[in-house]
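Printed here is upload.txt (compact mmCIF, C-alpha atoms):
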# COMPACT_ATOMS: atom_id res chain seq x y z
CA MET A 1 76.16 49.95 168.09
CA ASN A 2 74.14 48.17 170.75
CA VAL A 3 71.84 50.45 172.71
CA LEU A 4 70.11 49.55 175.97
CA ARG A 5 68.16 51.76 178.34
CA GLY A 6 68.14 51.45 182.09
CA LYS A 7 68.33 53.20 185.43
CA ILE A 8 71.36 53.80 187.65
CA LYS A 9 71.18 51.37 190.57
CA GLN A 10 74.48 51.80 192.41
CA ILE A 11 77.78 53.70 192.10
CA GLN A 12 81.04 52.65 193.71
CA THR A 13 84.02 54.99 193.27
CA VAL A 14 87.69 54.49 194.12
CA ASN A 15 89.70 57.58 193.18
CA GLU A 16 89.32 58.01 189.40
CA LEU A 17 87.59 54.70 188.79
CA SER A 18 83.87 54.07 189.19
CA ARG A 19 81.84 50.88 188.93
CA ILE A 20 78.27 51.62 188.00
CA GLU A 21 75.39 49.15 188.26
CA ILE A 22 72.49 49.73 185.92
CA ASP A 23 69.10 48.08 186.25
CA LEU A 24 67.54 46.86 183.01
CA HIS A 25 64.14 45.32 183.60
CA GLY A 26 65.44 43.38 186.61
CA HIS A 27 68.79 42.46 185.03
CA THR A 28 71.90 44.16 186.36
CA PHE A 29 74.45 45.61 183.96
CA VAL A 30 77.87 46.85 185.05
CA SER A 31 79.89 49.67 183.45
CA LEU A 32 83.33 50.92 184.46
CA VAL A 33 83.85 54.66 184.04
CA ILE A 34 86.94 56.81 184.57
CA ASP A 35 86.63 60.32 186.05
CA ILE A 36 82.89 60.21 186.53
CA GLY A 37 82.96 63.82 187.75
CA SER A 38 83.42 65.09 184.21
CA PHE A 39 80.25 63.23 183.22
CA GLY A 40 78.25 65.65 185.39
CA GLU A 41 75.57 64.82 187.95
CA ILE A 42 74.27 61.30 187.89
CA ALA A 43 71.82 60.24 190.56
CA ILE A 44 70.64 56.80 191.61
CA GLY A 45 67.44 56.06 189.70
CA SER A 46 68.23 58.42 186.83
CA ALA A 47 67.75 57.17 183.28
CA VAL A 48 70.87 56.19 181.36
CA THR A 49 71.63 54.68 177.96
CA LEU A 50 74.24 51.93 177.58
CA LEU A 51 76.26 51.80 174.38
CA PHE A 52 78.63 49.07 173.25
CA LYS A 53 80.12 48.02 169.95
CA GLU A 54 78.97 44.81 168.27
CA ALA A 55 82.53 43.51 167.95
CA GLU A 56 82.97 43.64 171.75
CA VAL A 57 80.08 41.25 172.37
CA LEU A 58 81.40 37.71 172.80
CA ILE A 59 79.46 34.48 172.51
CA GLY A 60 79.78 31.26 174.52
CA THR A 61 77.80 28.08 174.99
CA LYS A 62 74.97 28.29 177.55
CA GLU A 63 76.94 26.46 180.24
CA SER A 64 80.06 28.66 180.00
CA THR A 65 81.32 30.50 183.08
CA VAL A 66 82.95 33.80 182.16
CA SER A 67 84.58 36.69 184.03
CA ALA A 68 82.59 39.33 182.14
CA SER A 69 80.17 41.13 184.48
CA ASN A 70 77.51 41.27 181.82
CA ALA A 71 76.60 37.75 180.65
CA PHE A 72 73.13 36.68 179.59
CA VAL A 73 71.57 33.65 177.89
CA SER A 74 69.33 34.69 174.99
CA VAL A 75 67.74 33.16 171.92
CA ILE A 76 69.38 33.90 168.55
CA LYS A 77 66.96 35.68 166.28
CA LYS A 78 68.97 35.98 163.08
CA ILE A 79 72.44 35.44 161.64
CA THR A 80 74.05 37.26 158.70
CA GLN A 81 77.04 35.32 157.52
CA GLY A 82 79.93 37.01 155.70
CA LYS A 83 83.19 35.58 154.36
CA ILE A 84 85.21 36.73 157.38
CA LEU A 85 82.70 38.16 159.83
CA SER A 86 79.23 37.20 160.91
CA GLU A 87 76.55 39.16 162.67
CA VAL A 88 74.58 37.29 165.32
CA ILE A 89 71.42 38.96 166.57
CA PHE A 90 70.10 38.00 170.01
CA ASP A 91 66.67 38.74 171.41
CA PHE A 92 67.32 40.19 174.87
CA GLU A 93 64.03 41.15 176.56
CA GLY A 94 62.68 42.26 173.19
CA VAL A 95 65.77 44.35 172.38
CA GLU A 96 68.19 43.25 169.67
CA ILE A 97 71.76 42.65 170.81
CA ILE A 98 74.21 42.28 167.95
CA SER A 99 77.45 40.36 168.22
CA LEU A 100 80.08 40.51 165.49
CA ILE A 101 82.30 37.43 165.48
CA THR A 102 84.38 35.65 162.88
CA THR A 103 82.54 33.26 160.62
CA SER A 104 85.01 30.54 161.59
CA SER A 105 84.00 30.93 165.27
CA LEU A 106 80.35 30.88 164.28
CA GLN A 107 80.89 27.50 162.64
CA ARG A 108 83.12 26.16 165.43
CA LEU A 109 80.43 26.83 168.06
CA GLN A 110 77.66 25.69 165.67
CA ILE A 111 75.71 28.85 166.29
CA GLU A 112 72.29 28.81 164.65
CA ALA A 113 69.14 30.92 164.75
CA GLY A 114 66.57 29.66 167.28
CA LYS A 115 69.21 28.26 169.65
CA GLU A 116 70.11 29.72 173.04
CA PHE A 117 73.64 30.97 173.59
CA LEU A 118 75.46 33.06 176.18
CA TRP A 119 76.41 36.57 175.03
CA PHE A 120 78.66 38.69 177.18
CA ILE A 121 80.44 42.02 177.36
CA LYS A 122 83.08 43.23 179.81
CA ALA A 123 82.12 46.18 182.03
CA ASN A 124 85.00 48.28 180.67
CA GLU A 125 83.50 48.13 177.16
CA VAL A 126 80.16 49.61 178.16
CA THR A 127 79.83 53.37 177.53
CA LEU A 128 77.18 55.37 179.32
CA GLN A 129 75.14 58.12 177.78
CA LYS A 130 73.04 60.41 179.95
CA GLY A 131 69.31 60.17 179.60
CA ALA A 132 67.26 57.62 177.69
CA LYS A 133 65.90 58.99 174.43
CA MET B 1 87.76 89.20 186.04
CA ASN B 2 86.32 90.53 182.83
CA GLU B 3 82.81 91.88 182.63
CA LEU B 4 80.57 92.85 179.74
CA ILE B 5 77.26 94.61 180.18
CA LEU B 6 76.15 95.99 176.85
CA SER B 7 72.94 97.25 175.39
CA LYS B 8 72.30 98.81 172.05
CA ASP B 9 69.70 98.58 169.32
CA LEU B 10 71.24 96.90 166.28
CA ARG B 11 69.91 97.53 162.83
CA GLY B 12 69.41 94.07 161.35
CA ALA B 13 68.08 92.87 158.00
CA ASN B 14 64.63 92.38 159.55
CA GLY B 15 64.43 95.57 161.60
CA ILE B 16 65.81 96.56 164.99
CA ILE B 17 67.37 93.84 167.17
CA PRO B 18 68.04 94.90 170.77
CA LEU B 19 71.51 93.70 171.88
CA GLU B 20 71.40 92.85 175.60
CA ILE B 21 74.55 91.25 176.99
CA ASN B 22 75.45 90.70 180.63
CA THR B 23 78.24 88.24 181.28
CA THR B 24 81.63 87.67 182.81
CA PHE B 25 84.48 85.68 181.30
CA ASN B 26 87.75 84.45 182.74
CA ARG B 27 91.16 86.03 182.50
CA GLY B 28 93.67 84.06 180.46
CA GLU B 29 91.03 81.93 178.79
CA LEU B 30 89.88 81.66 175.21
CA THR B 31 86.18 82.49 175.04
CA VAL B 32 84.29 81.92 171.80
CA LEU B 33 81.30 83.94 170.68
CA PHE B 34 79.30 81.46 168.66
CA GLY B 35 76.16 82.05 166.66
CA LYS B 36 74.64 82.86 163.29
CA SER B 37 75.59 85.98 161.40
CA GLY B 38 73.59 88.95 162.61
CA ALA B 39 73.55 87.65 166.20
CA GLY B 40 75.76 90.53 167.34
CA LYS B 41 79.13 88.77 167.69
CA SER B 42 81.28 91.26 165.76
CA THR B 43 79.39 94.17 167.31
CA ILE B 44 80.49 93.01 170.76
CA LEU B 45 84.15 92.95 169.65
CA LYS B 46 83.83 96.48 168.23
CA MET B 47 82.37 97.68 171.54
CA ILE B 48 85.25 96.14 173.50
CA ALA B 49 87.71 97.77 171.09
CA GLY B 50 86.02 101.14 171.52
CA LEU B 51 85.06 101.38 167.84
CA LEU B 52 81.35 101.42 168.65
CA GLU B 53 79.73 102.86 171.74
CA PRO B 54 76.94 100.97 173.51
CA THR B 55 73.81 102.92 174.50
CA ASP B 56 74.70 101.95 178.03
CA GLY B 57 76.58 99.34 179.96
CA LYS B 58 79.98 98.52 181.37
CA ILE B 59 83.18 96.98 179.99
CA VAL B 60 85.78 95.76 182.48
CA ILE B 61 88.90 94.03 181.15
CA GLU B 62 91.43 92.65 183.62
CA ASP B 63 89.88 94.74 186.42
CA GLU B 64 90.29 97.94 184.40
CA VAL B 65 87.14 99.88 183.54
CA TRP B 66 87.18 100.74 179.84
CA TYR B 67 83.59 101.85 179.63
CA ASP B 68 80.95 102.68 182.21
CA SER B 69 77.95 104.68 181.03
CA SER B 70 76.84 105.47 184.61
CA LYS B 71 80.22 107.03 185.44
CA LYS B 72 80.70 108.54 181.99
CA ILE B 73 83.89 106.55 181.46
CA ASN B 74 84.74 105.79 177.83
CA LEU B 75 88.40 105.11 177.06
CA PRO B 76 89.32 105.93 173.45
CA PRO B 77 90.41 102.94 171.31
CA GLN B 78 94.11 103.85 171.52
CA LYS B 79 93.96 103.70 175.36
CA ARG B 80 92.47 100.21 175.33
CA LYS B 81 95.17 97.55 175.20
CA ILE B 82 93.69 95.28 172.56
CA GLY B 83 94.96 93.14 169.74
CA PHE B 84 92.43 92.88 166.93
CA VAL B 85 92.66 90.37 164.06
CA PHE B 86 90.10 90.28 161.28
CA GLN B 87 89.49 87.91 158.39
CA ASP B 88 91.17 90.58 156.23
CA TYR B 89 94.86 90.78 157.20
CA ALA B 90 95.22 94.56 156.76
CA LEU B 91 99.04 94.50 156.59
CA PHE B 92 101.07 97.39 155.19
CA PRO B 93 102.17 96.10 151.75
CA ASN B 94 105.21 98.40 151.54
CA MET B 95 106.67 97.16 154.83
CA THR B 96 108.43 93.90 155.64
CA VAL B 97 107.01 91.52 158.23
CA ARG B 98 109.36 92.95 160.88
CA GLN B 99 108.47 96.54 159.96
CA ASN B 100 104.78 95.73 160.16
CA LEU B 101 105.35 94.46 163.70
CA LEU B 102 107.61 97.36 164.72
CA TYR B 103 105.01 99.83 163.50
CA ALA B 104 102.46 98.36 165.92
CA LEU B 105 104.78 98.77 168.92
CA ASP B 106 103.75 101.49 171.37
CA ASP B 107 107.22 101.68 172.83
CA ARG B 108 110.15 101.46 170.40
CA LYS B 109 112.41 100.36 173.27
CA LYS B 110 110.58 97.06 173.28
CA ALA B 111 111.95 95.95 169.90
CA SER B 112 113.15 92.73 171.54
CA LYS B 113 109.46 91.86 171.98
CA VAL B 114 109.21 91.73 168.18
CA ASP B 115 111.91 89.09 168.06
CA GLU B 116 110.22 87.00 170.71
CA ILE B 117 106.89 87.16 168.87
CA LEU B 118 108.53 86.39 165.51
CA HIS B 119 110.09 83.36 167.14
CA VAL B 120 106.90 82.11 168.86
CA THR B 121 104.83 82.56 165.69
CA GLU B 122 107.58 80.86 163.62
CA LEU B 123 107.95 83.90 161.39
CA ALA B 124 111.62 84.63 162.12
CA ASN B 125 112.79 83.38 158.71
CA LEU B 126 110.13 85.47 156.94
CA ALA B 127 110.91 88.67 158.88
CA ASN B 128 112.35 90.49 155.86
CA GLU B 129 109.68 89.47 153.36
CA LYS B 130 106.96 91.84 152.20
CA PRO B 131 103.31 90.66 152.62
CA ASP B 132 102.90 90.04 148.87
CA ALA B 133 105.47 87.25 149.05
CA LEU B 134 103.48 85.41 151.73
CA SER B 135 100.67 82.85 151.55
CA GLY B 136 97.26 83.59 153.08
CA GLY B 137 98.10 81.54 156.14
CA GLN B 138 101.43 83.31 156.61
CA LYS B 139 99.80 86.72 156.23
CA GLN B 140 97.27 85.84 158.89
CA ARG B 141 100.08 84.69 161.15
CA VAL B 142 101.75 88.10 160.66
CA ALA B 143 98.46 89.83 161.50
CA LEU B 144 98.28 87.78 164.70
CA ALA B 145 101.93 88.52 165.52
CA ARG B 146 101.30 92.23 165.00
CA ALA B 147 98.34 92.08 167.41
CA LEU B 148 100.58 90.37 169.99
CA VAL B 149 103.50 92.84 169.97
CA ARG B 150 101.32 95.45 171.61
CA GLU B 151 101.09 93.11 174.62
CA PRO B 152 97.31 93.38 174.64
CA LYS B 153 95.20 92.73 177.71
CA ILE B 154 92.71 91.11 175.40
CA LEU B 155 93.00 89.57 171.97
CA LEU B 156 89.94 89.98 169.75
CA LEU B 157 89.70 87.61 166.81
CA ASP B 158 86.87 88.15 164.33
CA GLU B 159 86.67 84.94 162.26
CA PRO B 160 90.38 85.29 161.46
CA LEU B 161 90.67 81.87 159.80
CA SER B 162 87.47 81.70 157.78
CA ALA B 163 89.09 82.78 154.49
CA LEU B 164 91.71 80.01 154.63
CA ASP B 165 91.43 76.51 153.19
CA PHE B 166 90.80 73.59 155.51
CA ALA B 167 94.39 72.39 155.92
CA MET B 168 95.73 75.88 156.58
CA ARG B 169 92.88 76.64 158.94
CA THR B 170 93.64 73.51 160.96
CA LYS B 171 97.32 74.39 161.13
CA LEU B 172 96.65 77.96 162.24
CA GLN B 173 94.15 76.74 164.84
CA ASP B 174 96.95 74.65 166.36
CA GLU B 175 99.27 77.65 166.35
CA LEU B 176 96.67 79.99 167.75
CA LEU B 177 96.06 77.55 170.57
CA LYS B 178 99.78 77.27 171.29
CA ILE B 179 100.28 81.06 171.26
CA GLN B 180 97.20 81.79 173.36
CA ARG B 181 98.27 79.27 176.02
CA TYR B 182 101.92 80.45 175.86
CA PHE B 183 101.00 84.04 176.68
CA ASN B 184 97.95 83.08 178.81
CA LEU B 185 96.17 85.75 176.88
CA THR B 186 92.53 86.59 177.49
CA THR B 187 91.04 86.02 174.05
CA ILE B 188 87.65 86.39 172.45
CA LEU B 189 87.18 84.55 169.19
CA VAL B 190 84.17 84.95 166.94
CA SER B 191 83.45 81.72 165.11
CA HIS B 192 80.55 79.81 163.61
CA ASP B 193 82.56 76.63 162.96
CA ILE B 194 81.67 74.00 165.59
CA GLY B 195 84.87 72.04 164.94
CA GLU B 196 86.90 75.17 165.57
CA VAL B 197 84.95 75.98 168.72
CA TYR B 198 85.51 72.46 170.06
CA LYS B 199 89.19 72.67 169.37
CA LEU B 200 89.92 76.16 170.68
CA ALA B 201 87.34 77.26 173.21
CA GLN B 202 87.65 76.99 176.95
CA PHE B 203 84.33 78.75 177.31
CA VAL B 204 81.54 79.41 174.82
CA LEU B 205 78.91 82.13 174.76
CA GLU B 206 76.23 81.21 172.24
CA LEU B 207 74.39 84.20 170.83
CA ALA B 208 71.11 84.58 168.98
CA ASP B 209 69.40 87.86 168.12
CA GLY B 210 71.61 89.96 170.39
CA LYS B 211 71.20 87.74 173.47
CA ILE B 212 73.33 85.06 175.11
CA ILE B 213 71.24 81.91 174.88
CA LYS B 214 73.80 79.42 176.29
CA LYS B 215 77.05 79.55 178.26
CA GLY B 216 79.44 76.73 179.01
CA THR B 217 82.26 74.52 177.82
CA PRO B 218 82.03 73.25 174.21
CA ASN B 219 80.92 69.87 175.56
CA GLU B 220 78.14 71.43 177.59
CA ILE B 221 76.98 73.52 174.64
CA PHE B 222 77.14 70.91 171.91
CA GLY B 223 76.09 67.89 173.96
CA GLY B 224 79.13 65.63 173.70
CA SER B 225 79.40 65.48 177.49
CA LYS B 226 76.38 63.22 177.61
CA ILE B 227 78.70 60.38 176.62
CA SER B 228 81.10 59.02 179.24
CA GLY B 229 83.85 58.01 176.77
CA LYS B 230 87.28 59.39 177.58
CA PHE B 231 88.62 59.33 174.03
CA LYS B 232 86.41 61.92 172.48
CA PHE B 233 86.92 63.95 169.31
CA SER B 234 84.75 65.75 166.83
CA GLY B 235 85.32 65.13 163.17
CA GLU B 236 83.80 64.90 159.74
CA ILE B 237 82.97 61.77 157.77
CA VAL B 238 85.03 61.67 154.57
CA ASN B 239 84.39 58.15 153.32
CA ILE B 240 82.29 55.03 153.93
CA VAL B 241 83.37 51.70 152.39
CA GLN B 242 81.70 48.31 152.75
CA SER B 243 84.09 45.51 153.69
CA ASP B 244 82.55 42.04 154.05
CA ILE B 245 79.38 42.50 156.15
CA VAL B 246 80.68 45.59 157.95
CA PHE B 247 81.51 49.15 156.88
CA VAL B 248 84.70 51.13 157.42
CA VAL B 249 83.93 54.79 158.08
CA SER B 250 86.82 57.26 157.54
CA ILE B 251 86.60 60.33 159.76
CA LEU B 252 88.77 63.43 159.52
CA VAL B 253 89.83 64.48 163.02
CA GLY B 254 92.10 67.51 162.89
CA GLN B 255 94.49 66.63 160.08
CA ASN B 256 94.29 62.88 160.58
CA VAL B 257 91.90 60.41 159.05
CA VAL B 258 90.84 57.68 161.46
CA LYS B 259 88.96 54.57 160.42
CA VAL B 260 86.14 53.11 162.46
CA VAL B 261 84.26 49.86 161.89
CA SER B 262 80.51 50.28 161.76
CA THR B 263 77.51 48.10 160.95
CA GLN B 264 75.10 48.45 158.06
CA GLU B 265 72.34 49.68 160.33
CA GLU B 266 74.57 52.35 161.86
CA VAL B 267 75.86 53.50 158.47
CA ARG B 268 72.28 54.13 157.35
CA ASN B 269 72.26 57.21 159.59
CA LEU B 270 75.67 58.45 158.44
CA LYS B 271 76.67 60.36 155.34
CA ILE B 272 79.84 61.86 153.90
CA GLY B 273 80.40 65.41 155.12
CA GLN B 274 78.49 64.82 158.34
CA LYS B 275 79.98 66.17 161.61
CA VAL B 276 80.22 63.48 164.26
CA THR B 277 81.57 62.84 167.75
CA LEU B 278 83.97 59.94 168.04
CA ALA B 279 84.24 58.34 171.47
CA SER B 280 85.95 55.34 172.94
CA LYS B 281 86.42 54.02 176.46
CA ALA B 282 89.58 54.93 178.37
CA PHE B 283 90.35 51.21 178.59
CA ASN B 284 90.90 50.63 174.87
CA PRO B 285 93.79 52.82 173.69
CA ILE B 286 97.21 51.20 173.83
CA ILE B 287 100.12 53.42 174.87
CA THR B 288 103.56 52.73 173.41
CA PRO B 289 106.57 55.00 173.90
CA ILE B 290 107.93 56.44 170.64
What does the file become when written as structure tokens?
Amino acid sequence: MNVLRGKIKQIQTVNELSRIEIDLHGHTFVSLVIDIGSFGEIAIGSAVTLLFKEAEVLIGTKESTVSASNAFVSVIKKITQGKILSEVIFDFEGVEIISLITTSSLQRLQIEAGKEFLWFIKANEVTLQKGAK
Amino acid sequence: MNELILSKDLRGANGIIPLEINTTFNRGELTVLFGKSGAGKSTILKMIAGLLEPTDGKIVIEDEVWYDSSKKINLPPQKRKIGFVFQDYALFPNMTVRQNLLYALDDRKKASKVDEILHVTELANLANEKPDALSGGQKQRVALARALVREPKILLLDEPLSALDFAMRTKLQDELLKIQRYFNLTTILVSHDIGEVYKLAQFVLELADGKIIKKGTPNEIFGGSKISGKFKFSGEIVNIVQSDIVFVVSILVGQNVVKVVSTQEEVRNLKIGQKVTLASKAFNPIITPI
């Protein structure tokens, strides 16, 4: 699981659906949440943890334009290659972001440690956890 | 509204523990008393049932005062409309299932109630069996049915499922839930099983050393509500298998085993038998009509 810590920046709610902006050291992350009321009180500026699965993190070339709200260019720190799947570890502001993609895609995009690539995750895949441990 | 104000000195293993309870709980809801043994959970049930008198306090069930030390009110147990189910079934062995239920009826004219209860608890086809012919789970279902025929204002359940094996316990939890919601019956369940509390409770009172230390929904008490996921279950890890560079973790949720892909680093903090919360975003599940 990828874990990032930030602060709530903005909340926009339409009926059951909320779009939440989270500030992470000057970068803005977006999470979509249903029925935010059941999550309890969340105030602007309060600490929050972002959780997302490795397999939901996609990779593109640096120049790619994508619809995902959360897209960042980072240097690849390490790659663990399996027969079917590969784990690509990015260095995002000193925090490791892990992407799990197929080994065939890894080879197709010629992804290698030390290179810069775009990693991205859709807002609907980002889970929020109250507080920042 | 239901109200409990109870105080009494309990004799515990390590000396006197003063029981001090002051709480309300909602009509028609299932409230769980959760806590370690010796916390005073069963004592509270006995006080509601009138089997043990508090030193002072007040017991109000469905707006009816059953006990009030200041007004010298103390209804005897037989005047309190309760259904009580213990871990031990306490059925009459010489009577059939139907006879056991009929015996509990206050008013013999209400024999049709027995049929309704036998139907709801799915015991109709066992009505003429004697308890010895029944399994542990069936016996406990009869004990529950017998508690229901008296049309209690409150159902008191003292760890009724703890003697049953896991599969039977899960099944009876489902049935208990169905029955409690069907009759909208104010229920107090004593339990120390978090999975059970999560599944059954609408409200939890956590006790320690004779005091309520936390009140709230299971999520508020056990912390799951900190996560915003809409697909949220509690379960137990039953298996972890490496597959290529990832791991497949099998988790028992209710009676179903679900499999979740996890990474090596994540698996390092997981072990078989561990209780976990499983959460997913509301966007992921796919709905297909059956």
(message) Given the point (73.9, 40.0, 158.3) in the file's coordinates, find the residues that have an atom at most 9 Å from it, counting all atoms listed in the file, and give them as JSON, numbers by chain.
(response) {"A": [78, 79, 80, 81, 82, 86, 87, 88, 89], "B": [245, 246, 264]}
(request) Tell me which of A:Lys130, A:Lys122, A:Lys62, A:Lys115 sits closest to chain B, counting all atoms listed in the file. (result) A:Lys130
Go through chain B and flag each residue having an atom no more than 12 Å from chain A; for those, report the closest pair of atoms plus their distance in Å to one decimal, using all atoms listed in the file, ordered by chain and rising number, as JSON lines.
{"residue": "B:Thr217", "atom": "CA", "partner": "A:Ser38", "partner_atom": "CA", "distance": 11.5}
{"residue": "B:Asn219", "atom": "CA", "partner": "A:Phe39", "partner_atom": "CA", "distance": 10.2}
{"residue": "B:Glu220", "atom": "CA", "partner": "A:Gly40", "partner_atom": "CA", "distance": 9.7}
{"residue": "B:Gly223", "atom": "CA", "partner": "A:Lys130", "partner_atom": "CA", "distance": 10.1}
{"residue": "B:Gly224", "atom": "CA", "partner": "A:Gln129", "partner_atom": "CA", "distance": 9.4}
{"residue": "B:Ser225", "atom": "CA", "partner": "A:Phe39", "partner_atom": "CA", "distance": 6.2}
{"residue": "B:Lys226", "atom": "CA", "partner": "A:Lys130", "partner_atom": "CA", "distance": 5.0}
{"residue": "B:Ile227", "atom": "CA", "partner": "A:Gln129", "partner_atom": "CA", "distance": 4.4}
{"residue": "B:Ser228", "atom": "CA", "partner": "A:Leu128", "partner_atom": "CA", "distance": 5.4}
{"residue": "B:Gly229", "atom": "CA", "partner": "A:Thr127", "partner_atom": "CA", "distance": 6.2}
{"residue": "B:Lys230", "atom": "CA", "partner": "A:Ile34", "partner_atom": "CA", "distance": 7.5}
{"residue": "B:Phe231", "atom": "CA", "partner": "A:Ile34", "partner_atom": "CA", "distance": 11.0}
{"residue": "B:Lys232", "atom": "CA", "partner": "A:Thr127", "partner_atom": "CA", "distance": 11.9}
{"residue": "B:Gln242", "atom": "CA", "partner": "A:Gly82", "partner_atom": "CA", "distance": 11.8}
{"residue": "B:Ser243", "atom": "CA", "partner": "A:Ile84", "partner_atom": "CA", "distance": 9.6}
{"residue": "B:Asp244", "atom": "CA", "partner": "A:Gly82", "partner_atom": "CA", "distance": 5.9}
{"residue": "B:Ile245", "atom": "CA", "partner": "A:Gly82", "partner_atom": "CA", "distance": 5.5}
{"residue": "B:Val246", "atom": "CA", "partner": "A:Leu85", "partner_atom": "CA", "distance": 7.9}
{"residue": "B:Phe247", "atom": "CA", "partner": "A:Leu85", "partner_atom": "CA", "distance": 11.4}
{"residue": "B:Val260", "atom": "CA", "partner": "A:Lys53", "partner_atom": "CA", "distance": 10.9}
{"residue": "B:Val261", "atom": "CA", "partner": "A:Ala55", "partner_atom": "CA", "distance": 8.9}
{"residue": "B:Ser262", "atom": "CA", "partner": "A:Met1", "partner_atom": "CA", "distance": 7.7}
{"residue": "B:Thr263", "atom": "CA", "partner": "A:Met1", "partner_atom": "CA", "distance": 7.5}
{"residue": "B:Gln264", "atom": "CA", "partner": "A:Met1", "partner_atom": "CA", "distance": 10.2}
{"residue": "B:Glu265", "atom": "CA", "partner": "A:Met1", "partner_atom": "CA", "distance": 8.7}
{"residue": "B:Glu266", "atom": "CA", "partner": "A:Met1", "partner_atom": "CA", "distance": 6.9}
{"residue": "B:Val267", "atom": "CA", "partner": "A:Met1", "partner_atom": "CA", "distance": 10.3}
{"residue": "B:Asn269", "atom": "CA", "partner": "A:Met1", "partner_atom": "CA", "distance": 11.8}
{"residue": "B:Ala279", "atom": "CA", "partner": "A:Thr127", "partner_atom": "CA", "distance": 9.0}
{"residue": "B:Ser280", "atom": "CA", "partner": "A:Thr127", "partner_atom": "CA", "distance": 7.9}
{"residue": "B:Lys281", "atom": "CA", "partner": "A:Glu125", "partner_atom": "CA", "distance": 6.6}
{"residue": "B:Ala282", "atom": "CA", "partner": "A:Ile34", "partner_atom": "CA", "distance": 7.0}
{"residue": "B:Phe283", "atom": "CA", "partner": "A:Asn124", "partner_atom": "CA", "distance": 6.4}
{"residue": "B:Asn284", "atom": "CA", "partner": "A:Glu125", "partner_atom": "CA", "distance": 8.1}
{"residue": "B:Pro285", "atom": "CA", "partner": "A:Glu125", "partner_atom": "CA", "distance": 11.8}
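Using all atoms listed in the file, the smallest distance between any of A:Phe29, A:Leu118, A:Thr103, A:Gln110 and Val73 in chain A comes from A:Leu118.
Among the candidates A:Ile8, A:Ile59, A:Val3, A:Val14, the one nearest to Leu106 in chain A when counting all atoms listed in the file is A:Ile59.
Going from CA of Phe203 in chain B to CA of Leu45 in chain B covers 16.1 Å.
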(request) Could you please determine the separation between CA of Phe222 in chain B and CA of Lys46 in chain B in Å, to one decimal place? (result) 26.7 Å
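Taking CA of Val149 in chain B as the reference point, CA of Arg169 in chain B is found at 22.3 Å.
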Compile the contact shell of Ser74 in chain A as a short mmCIF file (atom, residue, chain, number, x, y, z; two decimals) with C-alpha atoms, in the coordinates of the input: residues with an atom at most 7 Å away, counting only C-alpha atoms, same-chain residues fewer than 4 positions apart removed.
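Contents of the output file part14.cif:
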data_model
loop_
_atom_site.label_atom_id
_atom_site.label_comp_id
_atom_site.auth_asym_id
_atom_site.auth_seq_id
_atom_site.Cartn_x
_atom_site.Cartn_y
_atom_site.Cartn_z
CA PHE A 90 70.10 38.00 170.01
CA ASP A 91 66.67 38.74 171.41
CA PHE A 92 67.32 40.19 174.87
CA GLU A 116 70.11 29.72 173.04
CA PHE A 117 73.64 30.97 173.59
CA LEU A 118 75.46 33.06 176.18
#
(request) Give me the residues within 8 Å of Lys58 in chain B as an NGL selection string, counting all atoms listed in the file and dropping any in the same chain fewer than 6 places off. (result) :B and (3-6 or 65-69)
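Proximity to Thr31 in chain B was assessed for B:Ile179, B:Ile61, B:Ala201, B:Leu101 counting only C-alpha atoms; the smallest distance is recorded for B:Ala201.
Residues within 12 Å of Glu122 in chain B, counting all atoms listed in the file and excluding same-chain residues fewer than 6 positions away, are Val97, Val114, Asp115, Glu116, Gln138, Arg141, Val142, Leu144, Ala145, Leu172, Glu175, Leu176, Lys178 and Ile179 of chain B.
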